[in-house]
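Engineer: What follows is run_28.tsv, TSV, N, CA, C and O atoms.
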chain	number	residue	atom	x	y	z
D	1	MET	N	-4.52	-1.95	2.33
D	1	MET	CA	-3.49	-2.91	2.65
D	1	MET	C	-2.10	-2.29	2.63
D	1	MET	O	-1.20	-2.76	3.29
D	2	ALA	N	-1.93	-1.19	1.91
D	2	ALA	CA	-0.64	-0.54	1.84
D	2	ALA	C	-0.21	-0.02	3.21
D	2	ALA	O	0.97	-0.08	3.55
D	3	ARG	N	-1.16	0.46	4.00
D	3	ARG	CA	-0.84	0.95	5.34
D	3	ARG	C	-0.34	-0.19	6.22
D	3	ARG	O	0.61	-0.01	6.98
D	4	SER	N	-0.96	-1.36	6.10
D	4	SER	CA	-0.50	-2.52	6.87
D	4	SER	C	0.93	-2.90	6.50
D	4	SER	O	1.71	-3.29	7.35
D	5	ASN	N	1.26	-2.77	5.21
D	5	ASN	CA	2.63	-3.08	4.78
D	5	ASN	C	3.63	-2.10	5.38
D	5	ASN	O	4.72	-2.49	5.77
D	6	LYS	N	3.25	-0.82	5.46
D	6	LYS	CA	4.14	0.17	6.07
D	6	LYS	C	4.33	-0.11	7.55
D	6	LYS	O	5.45	0.00	8.07
D	7	VAL	N	3.26	-0.46	8.23
D	7	VAL	CA	3.36	-0.79	9.66
D	7	VAL	C	4.21	-2.04	9.84
D	7	VAL	O	5.05	-2.10	10.73
D	8	LEU	N	4.00	-3.04	8.98
D	8	LEU	CA	4.81	-4.26	9.05
D	8	LEU	C	6.29	-3.94	8.87
D	8	LEU	O	7.14	-4.48	9.58
D	9	ASP	N	6.61	-3.04	7.95
D	9	ASP	CA	8.00	-2.63	7.75
D	9	ASP	C	8.57	-1.98	9.01
D	9	ASP	O	9.69	-2.26	9.42
D	10	LYS	N	7.79	-1.09	9.64
D	10	LYS	CA	8.25	-0.42	10.86
D	10	LYS	C	8.47	-1.42	11.99
D	10	LYS	O	9.46	-1.34	12.71
D	11	VAL	N	7.54	-2.35	12.13
D	11	VAL	CA	7.66	-3.36	13.17
D	11	VAL	C	8.88	-4.24	12.89
D	11	VAL	O	9.66	-4.56	13.79
D	12	ALA	N	9.08	-4.63	11.64
D	12	ALA	CA	10.18	-5.51	11.26
D	12	ALA	C	11.54	-4.86	11.52
D	12	ALA	O	12.47	-5.53	11.96
D	13	ARG	N	11.64	-3.57	11.26
D	13	ARG	CA	12.92	-2.88	11.46
D	13	ARG	C	13.32	-2.86	12.93
D	13	ARG	O	14.49	-2.98	13.26
D	14	GLY	N	12.35	-2.64	13.81
D	14	GLY	CA	12.65	-2.60	15.24
D	14	GLY	C	13.35	-1.36	15.70
D	14	GLY	O	13.85	-1.31	16.82
D	15	THR	N	13.40	-0.33	14.87
D	15	THR	CA	14.11	0.89	15.25
D	15	THR	C	13.20	1.94	15.87
D	15	THR	O	13.69	2.91	16.43
D	16	SER	N	11.88	1.76	15.75
D	16	SER	CA	10.96	2.77	16.29
D	16	SER	C	9.80	2.12	17.03
D	16	SER	O	8.64	2.47	16.82
D	17	ASP	N	10.12	1.19	17.91
D	17	ASP	CA	9.07	0.46	18.63
D	17	ASP	C	8.19	1.40	19.47
D	17	ASP	O	7.02	1.14	19.66
D	18	ALA	N	8.76	2.48	19.96
D	18	ALA	CA	7.99	3.41	20.79
D	18	ALA	C	7.08	4.31	19.96
D	18	ALA	O	6.26	5.03	20.52
D	19	ASN	N	7.23	4.28	18.64
D	19	ASN	CA	6.46	5.17	17.78
D	19	ASN	C	5.46	4.44	16.89
D	19	ASN	O	5.01	4.98	15.88
D	20	ILE	N	5.07	3.24	17.26
D	20	ILE	CA	4.07	2.48	16.50
D	20	ILE	C	2.70	2.80	17.09
D	20	ILE	O	2.48	2.60	18.28
D	21	ARG	N	1.81	3.31	16.25
D	21	ARG	CA	0.47	3.63	16.74
D	21	ARG	C	-0.29	2.34	17.09
D	21	ARG	O	-0.21	1.36	16.37
D	22	PHE	N	-0.99	2.39	18.20
D	22	PHE	CA	-1.71	1.23	18.69
D	22	PHE	C	-2.75	0.76	17.67
D	22	PHE	O	-2.85	-0.44	17.40
D	23	ASP	N	-3.52	1.69	17.11
D	23	ASP	CA	-4.54	1.30	16.13
D	23	ASP	C	-3.92	0.67	14.88
D	23	ASP	O	-4.50	-0.24	14.29
D	24	ASP	N	-2.74	1.15	14.48
D	24	ASP	CA	-2.06	0.55	13.32
D	24	ASP	C	-1.61	-0.88	13.63
D	24	ASP	O	-1.71	-1.77	12.78
D	25	LEU	N	-1.12	-1.10	14.85
D	25	LEU	CA	-0.70	-2.44	15.24
D	25	LEU	C	-1.89	-3.39	15.31
D	25	LEU	O	-1.80	-4.54	14.86
D	26	ARG	N	-3.01	-2.91	15.82
D	26	ARG	CA	-4.24	-3.72	15.85
D	26	ARG	C	-4.66	-4.11	14.44
D	26	ARG	O	-4.99	-5.26	14.16
D	27	GLN	N	-4.66	-3.13	13.54
D	27	GLN	CA	-5.05	-3.39	12.16
D	27	GLN	C	-4.10	-4.39	11.48
D	27	GLN	O	-4.54	-5.26	10.74
D	28	LEU	N	-2.81	-4.27	11.77
D	28	LEU	CA	-1.83	-5.20	11.21
D	28	LEU	C	-2.12	-6.63	11.66
D	28	LEU	O	-2.17	-7.55	10.84
D	29	LEU	N	-2.36	-6.80	12.96
D	29	LEU	CA	-2.63	-8.15	13.47
D	29	LEU	C	-3.92	-8.72	12.88
D	29	LEU	O	-3.98	-9.89	12.52
D	30	ARG	N	-4.94	-7.88	12.74
D	30	ARG	CA	-6.20	-8.36	12.13
D	30	ARG	C	-5.98	-8.73	10.68
D	30	ARG	O	-6.54	-9.73	10.20
D	31	SER	N	-5.15	-7.98	9.96
D	31	SER	CA	-4.89	-8.30	8.54
D	31	SER	C	-4.08	-9.59	8.40
D	31	SER	O	-4.11	-10.22	7.35
D	32	LEU	N	-3.36	-9.98	9.46
D	32	LEU	CA	-2.59	-11.23	9.44
D	32	LEU	C	-3.42	-12.42	9.91
D	32	LEU	O	-2.90	-13.52	10.05
D	33	GLY	N	-4.71	-12.17	10.19
D	33	GLY	CA	-5.60	-13.28	10.52
D	33	GLY	C	-5.83	-13.50	12.00
D	33	GLY	O	-6.42	-14.51	12.39
D	34	PHE	N	-5.36	-12.59	12.85
D	34	PHE	CA	-5.59	-12.72	14.28
D	34	PHE	C	-7.01	-12.29	14.63
D	34	PHE	O	-7.58	-11.41	14.00
D	35	THR	N	-7.56	-12.92	15.66
D	35	THR	CA	-8.87	-12.55	16.20
D	35	THR	C	-8.62	-11.70	17.44
D	35	THR	O	-7.73	-12.00	18.24
D	36	GLU	N	-9.42	-10.65	17.59
D	36	GLU	CA	-9.24	-9.73	18.72
D	36	GLU	C	-10.39	-9.88	19.71
D	36	GLU	O	-11.55	-9.96	19.33
D	37	ARG	N	-10.04	-9.93	20.99
D	37	ARG	CA	-11.02	-9.94	22.06
D	37	ARG	C	-10.62	-8.82	23.02
D	37	ARG	O	-9.45	-8.68	23.36
D	38	ILE	N	-11.56	-8.00	23.44
D	38	ILE	CA	-11.27	-6.85	24.29
D	38	ILE	C	-11.86	-7.08	25.68
D	38	ILE	O	-13.05	-7.37	25.81
D	39	ARG	N	-11.03	-6.94	26.70
D	39	ARG	CA	-11.44	-7.01	28.10
D	39	ARG	C	-10.90	-5.77	28.79
D	39	ARG	O	-9.72	-5.71	29.13
D	40	GLY	N	-11.75	-4.77	28.96
D	40	GLY	CA	-11.29	-3.52	29.57
D	40	GLY	C	-10.29	-2.84	28.64
D	40	GLY	O	-10.58	-2.59	27.48
D	41	SER	N	-9.09	-2.58	29.15
D	41	SER	CA	-8.06	-1.94	28.33
D	41	SER	C	-7.16	-2.95	27.64
D	41	SER	O	-6.24	-2.58	26.91
D	42	HIS	N	-7.41	-4.24	27.86
D	42	HIS	CA	-6.59	-5.30	27.28
D	42	HIS	C	-7.18	-5.76	25.95
D	42	HIS	O	-8.34	-6.15	25.88
D	43	HIS	N	-6.36	-5.71	24.92
D	43	HIS	CA	-6.74	-6.21	23.60
D	43	HIS	C	-5.97	-7.51	23.40
D	43	HIS	O	-4.75	-7.51	23.27
D	44	ILE	N	-6.69	-8.61	23.39
D	44	ILE	CA	-6.07	-9.93	23.33
D	44	ILE	C	-6.23	-10.48	21.91
D	44	ILE	O	-7.34	-10.56	21.39
D	45	PHE	N	-5.10	-10.84	21.32
D	45	PHE	CA	-5.09	-11.35	19.95
D	45	PHE	C	-4.65	-12.80	19.97
D	45	PHE	O	-3.67	-13.16	20.63
D	46	PHE	N	-5.37	-13.61	19.21
D	46	PHE	CA	-5.01	-15.02	19.10
D	46	PHE	C	-5.33	-15.51	17.71
D	46	PHE	O	-6.10	-14.91	16.97
D	47	LYS	N	-4.69	-16.62	17.37
D	47	LYS	CA	-4.88	-17.25	16.06
D	47	LYS	C	-4.78	-18.75	16.28
D	47	LYS	O	-3.91	-19.21	17.02
D	48	GLU	N	-5.67	-19.50	15.66
D	48	GLU	CA	-5.73	-20.95	15.89
D	48	GLU	C	-4.39	-21.66	15.68
D	48	GLU	O	-4.01	-22.52	16.45
D	49	SER	N	-3.68	-21.28	14.65
D	49	SER	CA	-2.44	-21.99	14.31
D	49	SER	C	-1.24	-21.55	15.15
D	49	SER	O	-0.16	-22.10	15.00
D	50	ILE	N	-1.43	-20.56	16.02
D	50	ILE	CA	-0.33	-20.03	16.82
D	50	ILE	C	-0.63	-20.22	18.30
D	50	ILE	O	-1.69	-19.83	18.78
D	51	GLU	N	0.31	-20.80	19.01
D	51	GLU	CA	0.11	-21.11	20.42
D	51	GLU	C	0.14	-19.86	21.30
D	51	GLU	O	-0.59	-19.76	22.27
D	52	GLU	N	1.00	-18.91	20.97
D	52	GLU	CA	1.17	-17.71	21.80
D	52	GLU	C	-0.01	-16.75	21.66
D	52	GLU	O	-0.55	-16.56	20.57
D	53	ILE	N	-0.40	-16.14	22.77
D	53	ILE	CA	-1.47	-15.14	22.79
D	53	ILE	C	-0.82	-13.78	23.03
D	53	ILE	O	0.07	-13.65	23.88
D	54	LEU	N	-1.24	-12.78	22.27
D	54	LEU	CA	-0.71	-11.43	22.42
D	54	LEU	C	-1.70	-10.56	23.20
D	54	LEU	O	-2.85	-10.46	22.82
D	55	ASN	N	-1.25	-9.97	24.29
D	55	ASN	CA	-2.07	-9.12	25.13
D	55	ASN	C	-1.51	-7.70	25.03
D	55	ASN	O	-0.43	-7.42	25.55
D	56	LEU	N	-2.23	-6.82	24.33
D	56	LEU	CA	-1.73	-5.47	24.08
D	56	LEU	C	-2.53	-4.42	24.84
D	56	LEU	O	-3.73	-4.57	25.04
D	57	GLN	N	-1.83	-3.35	25.23
D	57	GLN	CA	-2.46	-2.20	25.86
D	57	GLN	C	-1.85	-0.94	25.25
D	57	GLN	O	-0.73	-0.96	24.77
D	58	THR	N	-2.60	0.15	25.35
D	58	THR	CA	-2.10	1.40	24.80
D	58	THR	C	-1.21	2.12	25.80
D	58	THR	O	-1.28	1.89	27.00
D	59	GLN	N	-0.39	2.98	25.27
D	59	GLN	CA	0.40	3.94	26.05
D	59	GLN	C	0.17	5.27	25.35
D	59	GLN	O	0.90	5.64	24.46
D	60	GLY	N	-0.92	5.94	25.72
D	60	GLY	CA	-1.37	7.09	24.96
D	60	GLY	C	-1.96	6.58	23.65
D	60	GLY	O	-2.77	5.68	23.64
D	61	ALA	N	-1.51	7.14	22.54
D	61	ALA	CA	-1.98	6.69	21.22
D	61	ALA	C	-1.11	5.57	20.66
D	61	ALA	O	-1.46	4.96	19.67
D	62	ASN	N	0.02	5.32	21.30
D	62	ASN	CA	0.98	4.33	20.79
D	62	ASN	C	0.90	3.01	21.54
D	62	ASN	O	0.39	2.95	22.66
D	63	ALA	N	1.43	1.98	20.91
D	63	ALA	CA	1.55	0.68	21.57
D	63	ALA	C	2.79	0.72	22.46
D	63	ALA	O	3.72	1.48	22.22
D	64	LYS	N	2.79	-0.10	23.48
D	64	LYS	CA	3.95	-0.17	24.37
D	64	LYS	C	5.11	-0.84	23.62
D	64	LYS	O	4.91	-1.85	22.94
D	65	PRO	N	6.32	-0.29	23.74
D	65	PRO	CA	7.46	-0.82	22.97
D	65	PRO	C	7.73	-2.30	23.20
D	65	PRO	O	8.01	-3.03	22.25
D	66	TYR	N	7.62	-2.78	24.44
D	66	TYR	CA	7.91	-4.20	24.67
D	66	TYR	C	6.86	-5.09	24.02
D	66	TYR	O	7.15	-6.22	23.63
D	67	GLN	N	5.64	-4.57	23.86
D	67	GLN	CA	4.60	-5.35	23.21
D	67	GLN	C	4.80	-5.38	21.70
D	67	GLN	O	4.50	-6.38	21.05
D	68	VAL	N	5.34	-4.30	21.14
D	68	VAL	CA	5.68	-4.28	19.71
D	68	VAL	C	6.76	-5.34	19.45
D	68	VAL	O	6.69	-6.08	18.46
D	69	LYS	N	7.71	-5.47	20.37
D	69	LYS	CA	8.75	-6.48	20.24
D	69	LYS	C	8.15	-7.89	20.29
D	69	LYS	O	8.55	-8.77	19.52
D	70	GLN	N	7.18	-8.10	21.16
D	70	GLN	CA	6.51	-9.40	21.23
D	70	GLN	C	5.81	-9.72	19.92
D	70	GLN	O	5.87	-10.85	19.42
D	71	VAL	N	5.12	-8.72	19.36
D	71	VAL	CA	4.44	-8.90	18.07
D	71	VAL	C	5.46	-9.26	17.00
D	71	VAL	O	5.25	-10.18	16.20
D	72	ARG	N	6.58	-8.55	16.96
D	72	ARG	CA	7.62	-8.82	15.96
D	72	ARG	C	8.12	-10.26	16.09
D	72	ARG	O	8.27	-10.97	15.09
D	73	ASN	N	8.36	-10.71	17.32
D	73	ASN	CA	8.85	-12.08	17.51
D	73	ASN	C	7.84	-13.12	17.04
D	73	ASN	O	8.22	-14.12	16.43
D	74	VAL	N	6.56	-12.90	17.31
D	74	VAL	CA	5.53	-13.83	16.86
D	74	VAL	C	5.45	-13.84	15.33
D	74	VAL	O	5.36	-14.90	14.71
D	75	ILE	N	5.51	-12.67	14.73
D	75	ILE	CA	5.46	-12.58	13.27
D	75	ILE	C	6.66	-13.30	12.66
D	75	ILE	O	6.53	-14.08	11.72
D	76	GLU	N	7.85	-13.04	13.20
D	76	GLU	CA	9.06	-13.64	12.64
D	76	GLU	C	9.06	-15.16	12.78
D	76	GLU	O	9.48	-15.87	11.87
D	77	THR	N	8.63	-15.66	13.92
D	77	THR	CA	8.78	-17.09	14.18
D	77	THR	C	7.61	-17.93	13.71
D	77	THR	O	7.79	-19.10	13.39
D	78	GLN	N	6.39	-17.34	13.66
D	78	GLN	CA	5.23	-18.18	13.40
D	78	GLN	C	4.35	-17.73	12.25
D	78	GLN	O	3.90	-18.55	11.48
D	79	VAL	N	4.11	-16.44	12.12
D	79	VAL	CA	3.17	-15.97	11.09
D	79	VAL	C	3.78	-16.05	9.70
D	79	VAL	O	3.12	-16.43	8.75
D	80	VAL	N	5.05	-15.73	9.57
D	80	VAL	CA	5.71	-15.69	8.27
D	80	VAL	C	5.60	-17.03	7.55
D	80	VAL	O	5.43	-17.10	6.35
D	81	GLN	N	5.65	-18.13	8.30
D	81	GLN	CA	5.59	-19.46	7.70
D	81	GLN	C	4.27	-19.72	7.00
D	81	GLN	O	4.20	-20.50	6.06
D	82	SER	N	3.19	-19.03	7.44
D	82	SER	CA	1.88	-19.30	6.86
D	82	SER	C	1.49	-18.32	5.76
D	82	SER	O	0.43	-18.44	5.18
D	83	LEU	N	2.33	-17.32	5.48
D	83	LEU	CA	2.01	-16.34	4.45
D	83	LEU	C	2.41	-16.85	3.07
D	83	LEU	O	3.40	-17.55	2.93
D	84	PRO	N	1.66	-16.45	2.02
D	84	PRO	CA	2.02	-16.87	0.67
D	84	PRO	C	3.32	-16.25	0.19
D	84	PRO	O	4.04	-16.83	-0.59
D	85	VAL	N	3.65	-15.07	0.66
D	85	VAL	CA	4.92	-14.43	0.32
D	85	VAL	C	5.82	-14.56	1.55
D	85	VAL	O	5.50	-14.05	2.61
D	86	THR	N	6.92	-15.26	1.40
D	86	THR	CA	7.82	-15.47	2.52
D	86	THR	C	8.61	-14.20	2.77
D	86	THR	O	9.13	-13.60	1.85
D	87	MET	N	8.68	-13.79	4.03
D	87	MET	CA	9.42	-12.59	4.38
D	87	MET	C	10.66	-12.98	5.17
D	87	MET	O	10.58	-13.68	6.15
D	88	SER	N	11.78	-12.53	4.72
D	88	SER	CA	13.03	-12.81	5.39
D	88	SER	C	13.63	-11.49	5.83
D	88	SER	O	13.96	-10.65	5.01
D	89	TRP	N	13.75	-11.30	7.13
D	89	TRP	CA	14.27	-10.02	7.64
D	89	TRP	C	15.75	-10.13	7.89
D	89	TRP	O	16.26	-11.11	8.42
D	90	VAL	N	16.43	-9.07	7.54
D	90	VAL	CA	17.87	-8.98	7.74
D	90	VAL	C	18.15	-9.04	9.25
D	90	VAL	O	17.40	-8.51	10.04
D	91	ALA	N	19.22	-9.69	9.63
D	91	ALA	CA	19.52	-9.87	11.06
D	91	ALA	C	19.63	-8.55	11.79
D	91	ALA	O	19.26	-8.44	12.95
D	92	THR	N	20.11	-7.52	11.14
D	92	THR	CA	20.25	-6.22	11.80
D	92	THR	C	18.92	-5.50	11.89
D	92	THR	O	18.79	-4.53	12.61
D	93	ARG	N	17.94	-5.97	11.13
D	93	ARG	CA	16.58	-5.41	11.11
D	93	ARG	C	16.56	-3.94	10.72
D	93	ARG	O	15.71	-3.19	11.13
D	94	THR	N	17.53	-3.51	9.94
D	94	THR	CA	17.51	-2.13	9.49
D	94	THR	C	16.57	-1.96	8.31
D	94	THR	O	16.04	-0.90	8.09
D	95	LYS	N	16.36	-3.03	7.56
D	95	LYS	CA	15.46	-2.96	6.42
D	95	LYS	C	14.95	-4.37	6.12
D	95	LYS	O	15.74	-5.29	5.98
D	96	PRO	N	13.63	-4.54	6.04
D	96	PRO	CA	13.13	-5.88	5.71
D	96	PRO	C	13.42	-6.24	4.26
D	96	PRO	O	13.40	-5.39	3.39
D	97	THR	N	13.69	-7.51	4.02
D	97	THR	CA	13.93	-8.01	2.68
D	97	THR	C	12.82	-8.99	2.35
D	97	THR	O	12.55	-9.90	3.12
D	98	TYR	N	12.15	-8.78	1.24
D	98	TYR	CA	11.05	-9.66	0.85
D	98	TYR	C	11.53	-10.61	-0.22
D	98	TYR	O	12.15	-10.23	-1.18
D	99	VAL	N	11.24	-11.89	-0.02
D	99	VAL	CA	11.64	-12.91	-0.97
D	99	VAL	C	10.36	-13.59	-1.47
D	99	VAL	O	9.62	-14.17	-0.68
D	100	ARG	N	10.08	-13.51	-2.76
D	100	ARG	CA	8.90	-14.15	-3.31
D	100	ARG	C	9.20	-15.62	-3.53
D	100	ARG	O	10.28	-16.01	-3.93
D	101	GLY	N	8.21	-16.43	-3.27
D	101	GLY	CA	8.39	-17.85	-3.50
D	101	GLY	C	7.36	-18.64	-2.74
D	101	GLY	O	6.51	-18.10	-2.05
D	102	SER	N	7.43	-19.92	-2.86
D	102	SER	CA	6.48	-20.78	-2.16
D	102	SER	C	6.91	-20.95	-0.72
D	102	SER	O	8.00	-20.58	-0.33
D	103	LYS	N	6.02	-21.57	0.04
D	103	LYS	CA	6.27	-21.76	1.47
D	103	LYS	C	7.47	-22.56	1.67
D	103	LYS	O	8.18	-23.16	1.83
Would you encode the structure as structure tokens?
Structural biologist:
Amino acid sequence: MARSNKVLDKVARGTSDANIRFDDLRQLLRSLGFTERIRGSHHIFFKESIEEILNLQTQGANAKPYQVKQVRNVIETQVVQSLPVTMSWVATRTKPTYVRGSK
């Protein structure tokens, strides 16, 4: 789980979207409760409580930067609300700030 936390930090910062490994992003989404369906090169992630569907593809070994941004937006707007530990990211996204507490 520590690796997922590191990937979550990288995604949250938004400073290295082009350097996020595709497999790490897949693992992060699965650890957040997303279901993965694969159709050819398309990895489609969905979650019952979230309306948006994420369609990811690789760019070599890395995820495509615009898709990392989509994942970040879904996490910020929808996934964080359902986690036991609320995550509040600084507006500049230079460093994530974790706030413990109830929903």
Engineer: Enumerate, in order of chain and increasing residue number, the residues of range 50-80 of chain D with an atom no farther than 5 Å from range 18-30 of chain D, each with its shortest atom pair and distance in Å to one decimal, counting all atoms listed in the file, as a tab-separated table.
Structural biologist:
residue	atom	partner	partner_atom	distance
D:Ala61	O	D:Phe22	N	3.0
D:Asn62	CA	D:Ile20	O	3.4
D:Ala63	N	D:Ile20	O	2.9
D:Pro65	CA	D:Ala18	N	4.7
Engineer: Please report the interatomic distance between atom C of Ser16 in chain D and atom N of Lys47 in chain D in Å with one decimal.
Structural biologist: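 These two atoms are separated by 23.7 Å.
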Engineer: Quick one: pull the distance between atom O of Phe34 in chain D and atom O of Gln78 in chain D, Å, one decimal.
Structural biologist: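 Computing the Euclidean distance for atom O of Phe34 in chain D and atom O of Gln78 in chain D yields 13.8 Å.
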Engineer: Residues around (-5.8, -13.4, 16.2), cut-off 5 Å, counting only N, CA, C and O atoms - what are they as a PyMOL selection string?
Structural biologist: chain D and resi 33-36+45-47
Engineer: With distances taken over only N, CA, C and O atoms, which of D:Ile50, D:Asp17, D:Ala2, D:Gln57 is nearest to Lys69 in chain D?
Structural biologist: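 Checking each of D:Ile50, D:Asp17, D:Ala2, D:Gln57 against Lys69 in chain D, counting only N, CA, C and O atoms, the winner is D:Asp17.
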Engineer: Between atom N of Arg39 in chain D and atom O of Gly60 in chain D, what distance in Å does the model show, to one decimal?
Structural biologist: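 Separation of atom N of Arg39 in chain D and atom O of Gly60 in chain D: 15.4 Å.
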Engineer: With DSSP run on the backbone, what are the alpha helix (DSSP H) residues within range 20-72 of chain D? I'd like them as a ChimeraX atom specification.
Structural biologist: /D:22-31,65-72
